[in-house]
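Working notes for the structure below.
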Amino acid sequence: MASDKKFVEEITSMEEDFAQWYTDVVKKADLTGYTQLKGFMVIKPAGYAIWENIQNELDRRFKETGVENVYLPCLIPEGLLQKEKDHVEGFAPEVAWVTHGGAQELEERMCVRPTSETLFSDFYSRDVHSYRDLPKVYNQWCSVLRWEKTTRPFLRSREFLWQEGHTVHATAGEAQERTEQMLNVYADFAEEFLAIPVVRGQKTEKEKFAGAIATYTIEALMHDGKALQCGTSHNFGDGFAKAFEIRYVSKDNTLEYCHQTSWGMTTRMIGAIIMVHGDNSGLKLPPRVAPVQAMVIPIQQKKGNVLEKARELMETLRKAGIRAKIDDTDKSPGFKFSEQEMRGIPVRLEVGPKDLEKGQCVIVRRDTREKITAALDDAASVVKETLETIQNDMFENAKARMESMTYTATTKEAFCEIAETKPGFIRSMWCGERSCEDEIKDQLGGVTSRCMPFHQEHLSDTCIWCGRPAKAMVYWGKAY
């Protein structure tokens with residue numbers, strides 16, 4: 001019992017210190033490891049398996065929209081990076097440079113890609129010639145390097161995994177359609193697969209991606225009331241096309257500039273899963289993304305044929321399409337239960353001598369700890385039904401929590417009071433001026449505009465901060 005107790009005692013309560021709770025969960029769930037390189041992490045099997053499921057599901061959804069996968073180099077010549085002024089200025093502080101090839105100094109230094117707009121633009125300038133070549137809807141799965149000052153596993157590390165889509169189109173309308181389409185792919189994925197409710201909207205000019213004419217985002221709310229940008233989609237217009245001479249001969253035999261988009265989602269989503277769904281017992285994984293959906297735990301496994309029947313049960317679950325494993329180690333049942341909860345496995349199935357006498361097992365939900373008794377012959381169907389219920393319940397619970405932490409302010413006084421006393425989103429009207437954004441951030445401890453939601457509401461006629469005529473409703477909040 002002492003070892004069982006120690007396993008869960010090592011997690012700091014999220015109410016006591018949310019940041020430390022997060023670090024404890026990442027560590028105890030065995031998701032990452034540290035290296036001698038500061039700011040870099042090892043993604044261990046338990047963490048990488050989550051990313052594989054994210055990757056596989058996103059890739060499937062991408063391909064349904066006509067996306068094809070490619071791979072481009074990880075190094076960008078400095079001259080290429082310099083071609084788009086706004087873009088290079090936006091990334092300059094985070095760039096890591098390669099100056100030598102072996103012992104020889106390079107004639108031109110190269111950066112390790114922080115993102116690949118310039119590489120794709122250079123590629124498209126060579127590959128696109130006619131309207132018949134368009135559109136090109138490409139994506140690559142890779143890692144990128146950004147020299148972040150402050151790092152935290154999954155949320156902000158110097159190297160992270162992601163996908164970056166880069167598309168090129170004949171018209172502005174087609175580019176805008178693709179930009180919005182991919183944002184909706186992200187939003188649906190987050191809600192349907194990860195059980196994370198999101199707000200869909202457009203970033204302000206201040207917060208948009210460097211080099212874009214418009215950036216769209218999905219914003220989620222973590223357990224502590226801070227926002228997390230979970231996925232973005234950018235419309236570049238013809239800015240990169242003009243910088244890189246990406247032109248095509250139209251049907252009318254005229255030479256036209258192309259229009260481009262890019263969109264990305266990263267391993268940050270693993271951090272989002274932890275912070276939206278986790279509790280003081282550890283990780284809590286939505287069944288659809290969970291690498292292991294059901295853990296079979298034999299009780300008194302050395303008695304009779306308990307272990308044999310437990311293994312048969314695992315195989316039955318697997319044949320039914322459930323990702324199942326068995327914990328047949330010599331650890332105590334209490335420790336196994338704690339470990340299963342810490343790792344966020346959605347259900348466990350307890351099987352002991354008394355259960356076998358009755359031809360049953362006990363199914364325990366990770367999210368509610370509800371116990372369900374099921375006949376062994378019915379276990380697979382009951383587990384399937386239970387997993388679907390857990391998935392839906394986790395989304396509804398997260399949605400209810402987000403709604404309970406979303407406030408509306410129609411006066412500056414109310415806006416300031418909410419920002420200073422209540423974590424979460426604040427909805428209010430805004431004049432569209434950057435000066436107001438800057439003052440809000442400076443005076444309210446880092447509150448920033450998260451997005452102008454697609455679903456706009458008219459809350460008042462004037463800007464919450466300056467009193468000038470309002471142009472848009474904005475979601476505000478502190479963010480990771």
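The way I read the labels, and the way they are meant: chains A, B, ... in the order of the structure tokens, residue 1 as the first residue of every chain, and ligand 1 as the first ligand shown, with later ones counted on from there.
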Identify, on the basis of only C-alpha atoms, every residue whose closest approach to A:Asp86 does not exceed 12 Å; exclude the query and any residue fewer than 6 positions from it along the same chain; express the result as a list in words.
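These residues fall inside the cut-off: Ala92, Thr118, Lys208, Phe209, Ala210, Gly211, Ala212, Ile213, Phe236, Gly239, Phe240 and Ala243 of chain A.
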What are the DSSP strand (DSSP E or B) residues of stretch 361-437 of chain A, as an NGL selection string?
:A and (361-365 or 371-375 or 406-408 or 425-430)
Go ahead and dump the residues you just picked, N, CA and C atoms, as a CSV table (one decimal), in the first residue's frame.
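New file part.csv:
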chain,number,residue,atom,x,y,z
A,361,CYS,N,-16.8,-9.6,-15.4
A,361,CYS,CA,-15.7,-8.7,-15.1
A,361,CYS,C,-16.3,-7.3,-14.6
A,362,VAL,N,-15.4,-6.5,-14.0
A,362,VAL,CA,-15.8,-5.2,-13.6
A,362,VAL,C,-15.1,-4.2,-14.5
A,363,ILE,N,-15.9,-3.3,-15.1
A,363,ILE,CA,-15.3,-2.3,-16.0
A,363,ILE,C,-15.4,-0.9,-15.2
A,364,VAL,N,-14.2,-0.3,-15.2
A,364,VAL,CA,-14.2,1.0,-14.4
A,364,VAL,C,-13.8,2.1,-15.3
A,365,ARG,N,-14.6,3.2,-15.4
A,365,ARG,CA,-14.4,4.3,-16.2
A,365,ARG,C,-13.3,5.2,-15.6
A,371,LYS,N,-18.3,2.1,-11.8
A,371,LYS,CA,-18.0,0.7,-12.0
A,371,LYS,C,-19.2,0.0,-12.7
A,372,ILE,N,-18.9,-0.8,-13.7
A,372,ILE,CA,-20.0,-1.4,-14.5
A,372,ILE,C,-19.7,-2.9,-14.5
A,373,THR,N,-20.6,-3.7,-14.1
A,373,THR,CA,-20.4,-5.2,-14.1
A,373,THR,C,-21.0,-5.7,-15.4
A,374,ALA,N,-20.2,-6.5,-16.1
A,374,ALA,CA,-20.6,-7.0,-17.4
A,374,ALA,C,-20.2,-8.5,-17.5
A,375,ALA,N,-21.1,-9.3,-18.1
A,375,ALA,CA,-20.7,-10.7,-18.4
A,375,ALA,C,-19.5,-10.7,-19.3
A,406,THR,N,-16.5,31.7,-19.5
A,406,THR,CA,-16.5,32.7,-20.6
A,406,THR,C,-17.5,33.8,-20.2
A,407,TYR,N,-17.0,35.0,-20.1
A,407,TYR,CA,-17.7,36.2,-19.5
A,407,TYR,C,-17.9,37.2,-20.6
A,408,THR,N,-18.9,38.0,-20.4
A,408,THR,CA,-19.3,39.1,-21.3
A,408,THR,C,-19.1,40.4,-20.6
A,425,PHE,N,-12.2,33.3,-20.8
A,425,PHE,CA,-12.4,34.2,-21.9
A,425,PHE,C,-13.3,35.4,-21.5
A,426,ILE,N,-13.0,36.5,-22.1
A,426,ILE,CA,-13.9,37.7,-21.9
A,426,ILE,C,-14.3,38.1,-23.3
A,427,ARG,N,-15.6,38.2,-23.5
A,427,ARG,CA,-16.1,38.7,-24.8
A,427,ARG,C,-16.5,40.1,-24.7
A,428,SER,N,-16.0,40.9,-25.6
A,428,SER,CA,-16.4,42.4,-25.6
A,428,SER,C,-16.2,42.9,-27.0
A,429,MET,N,-16.7,44.2,-27.2
A,429,MET,CA,-16.6,44.8,-28.5
A,429,MET,C,-15.3,45.6,-28.5
A,430,TRP,N,-14.8,45.8,-29.8
A,430,TRP,CA,-13.4,46.4,-30.0
A,430,TRP,C,-13.5,47.3,-31.2
Would you pick out the contacts of A:Ile274 at 9 Å or less, using only C-alpha atoms, so that residues sharing its chain but fewer than 3 positions from it are not included, and give the list as a PyMOL selection string?
chain A and resi 22+25-26+222+269-271+277-279+282-285
Separation of atom CA of A:Gln340 and atom CA of A:Gln300, in Å?
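According to the coordinates, atom CA of A:Gln340 and atom CA of A:Gln300 are separated by 17.4 Å.
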Pick from A:Gln293, A:Asn392, A:Gln260, A:Thr266, whichever lies nearest to A:Thr232 using only C-alpha atoms
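Selected residue with least distance to A:Thr232: A:Thr266.
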Just how far from atom CA of A:Cys451 is atom CA of A:Ile54, in Å to one decimal?
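If I compute the distance from atom CA of A:Ile54 to atom CA of A:Cys451, I get 24.3 Å.
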Excluding stretch 167-184 of chain A and any residue of its chain fewer than 5 positions from it, enumerate the residues within 9 Å of it, using only C-alpha atoms, and give them as a PyMOL selection string.
chain A and resi 62+65+67+120-121+124+128+131+134-139+189+200-201+215-218+231-238+248+250+256-263
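Rounded to one decimal, atom CA of A:Phe395 and atom CA of A:Leu228 lie 16.6 Å from each other.
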Using only C-alpha atoms, find the one residue out of A:Pro287, A:Gly102, A:Glu16, A:Lys226 that sits nearest to A:Glu385.
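Once distances to A:Glu385 are computed over only C-alpha atoms, the minimum belongs to A:Pro287.
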Tell me which protein, DNA and RNA residues are within 9 Å of A:Gly39, counting only C-alpha atoms, leaving out same-chain ones fewer than 5 positions away, and put them as a list in words.
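Non-adjacent residues within range: Tyr34, Trp147, Glu148, Lys149, Thr150, Thr151, Arg152, Pro153, Arg156, Ser157, Arg158 and Glu159 of chain A.
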Taking N, CA and C atoms for each residue, export the selection above as a PDB file, in the first residue's frame.
ATOM      1  N   TYR A  34      14.165  14.166 -20.560  1.00  0.00           N
ATOM      2  CA  TYR A  34      15.040  15.320 -20.755  1.00  0.00           C
ATOM      3  C   TYR A  34      16.333  14.894 -21.448  1.00  0.00           C
ATOM      4  N   TRP A 147      14.163  28.970 -31.468  1.00  0.00           N
ATOM      5  CA  TRP A 147      14.977  29.131 -30.263  1.00  0.00           C
ATOM      6  C   TRP A 147      14.199  29.911 -29.192  1.00  0.00           C
ATOM      7  N   GLU A 148      13.235  29.195 -28.579  1.00  0.00           N
ATOM      8  CA  GLU A 148      12.399  29.792 -27.538  1.00  0.00           C
ATOM      9  C   GLU A 148      13.228  30.046 -26.276  1.00  0.00           C
ATOM     10  N   LYS A 149      12.921  31.157 -25.597  1.00  0.00           N
ATOM     11  CA  LYS A 149      13.627  31.479 -24.364  1.00  0.00           C
ATOM     12  C   LYS A 149      13.113  30.648 -23.191  1.00  0.00           C
ATOM     13  N   THR A 150      11.785  30.527 -23.087  1.00  0.00           N
ATOM     14  CA  THR A 150      11.165  29.772 -22.008  1.00  0.00           C
ATOM     15  C   THR A 150      10.481  28.558 -22.603  1.00  0.00           C
ATOM     16  N   THR A 151      10.792  27.370 -22.094  1.00  0.00           N
ATOM     17  CA  THR A 151      10.246  26.154 -22.672  1.00  0.00           C
ATOM     18  C   THR A 151       9.461  25.358 -21.638  1.00  0.00           C
ATOM     19  N   ARG A 152       8.535  24.554 -22.149  1.00  0.00           N
ATOM     20  CA  ARG A 152       7.749  23.646 -21.322  1.00  0.00           C
ATOM     21  C   ARG A 152       7.337  22.481 -22.215  1.00  0.00           C
ATOM     22  N   PRO A 153       7.442  21.241 -21.738  1.00  0.00           N
ATOM     23  CA  PRO A 153       7.163  20.089 -22.597  1.00  0.00           C
ATOM     24  C   PRO A 153       5.832  20.209 -23.340  1.00  0.00           C
ATOM     25  N   ARG A 156       5.783  24.442 -25.430  1.00  0.00           N
ATOM     26  CA  ARG A 156       6.757  25.357 -26.038  1.00  0.00           C
ATOM     27  C   ARG A 156       8.147  24.747 -25.876  1.00  0.00           C
ATOM     28  N   SER A 157       8.630  24.100 -26.924  1.00  0.00           N
ATOM     29  CA  SER A 157       9.976  23.539 -26.899  1.00  0.00           C
ATOM     30  C   SER A 157      10.720  24.020 -28.137  1.00  0.00           C
ATOM     31  N   ARG A 158      12.021  23.930 -28.108  1.00  0.00           N
ATOM     32  CA  ARG A 158      12.811  24.503 -29.200  1.00  0.00           C
ATOM     33  C   ARG A 158      12.683  23.692 -30.490  1.00  0.00           C
ATOM     34  N   GLU A 159      12.523  22.405 -30.356  1.00  0.00           N
ATOM     35  CA  GLU A 159      12.188  21.596 -31.525  1.00  0.00           C
ATOM     36  C   GLU A 159      10.856  20.920 -31.239  1.00  0.00           C
TER      37      GLU A 159
END
When you count only C-alpha atoms, which of these residues is closest to A:Ala310: A:Ile273, A:Leu81, A:Val296, A:Ile464?
A:Val296
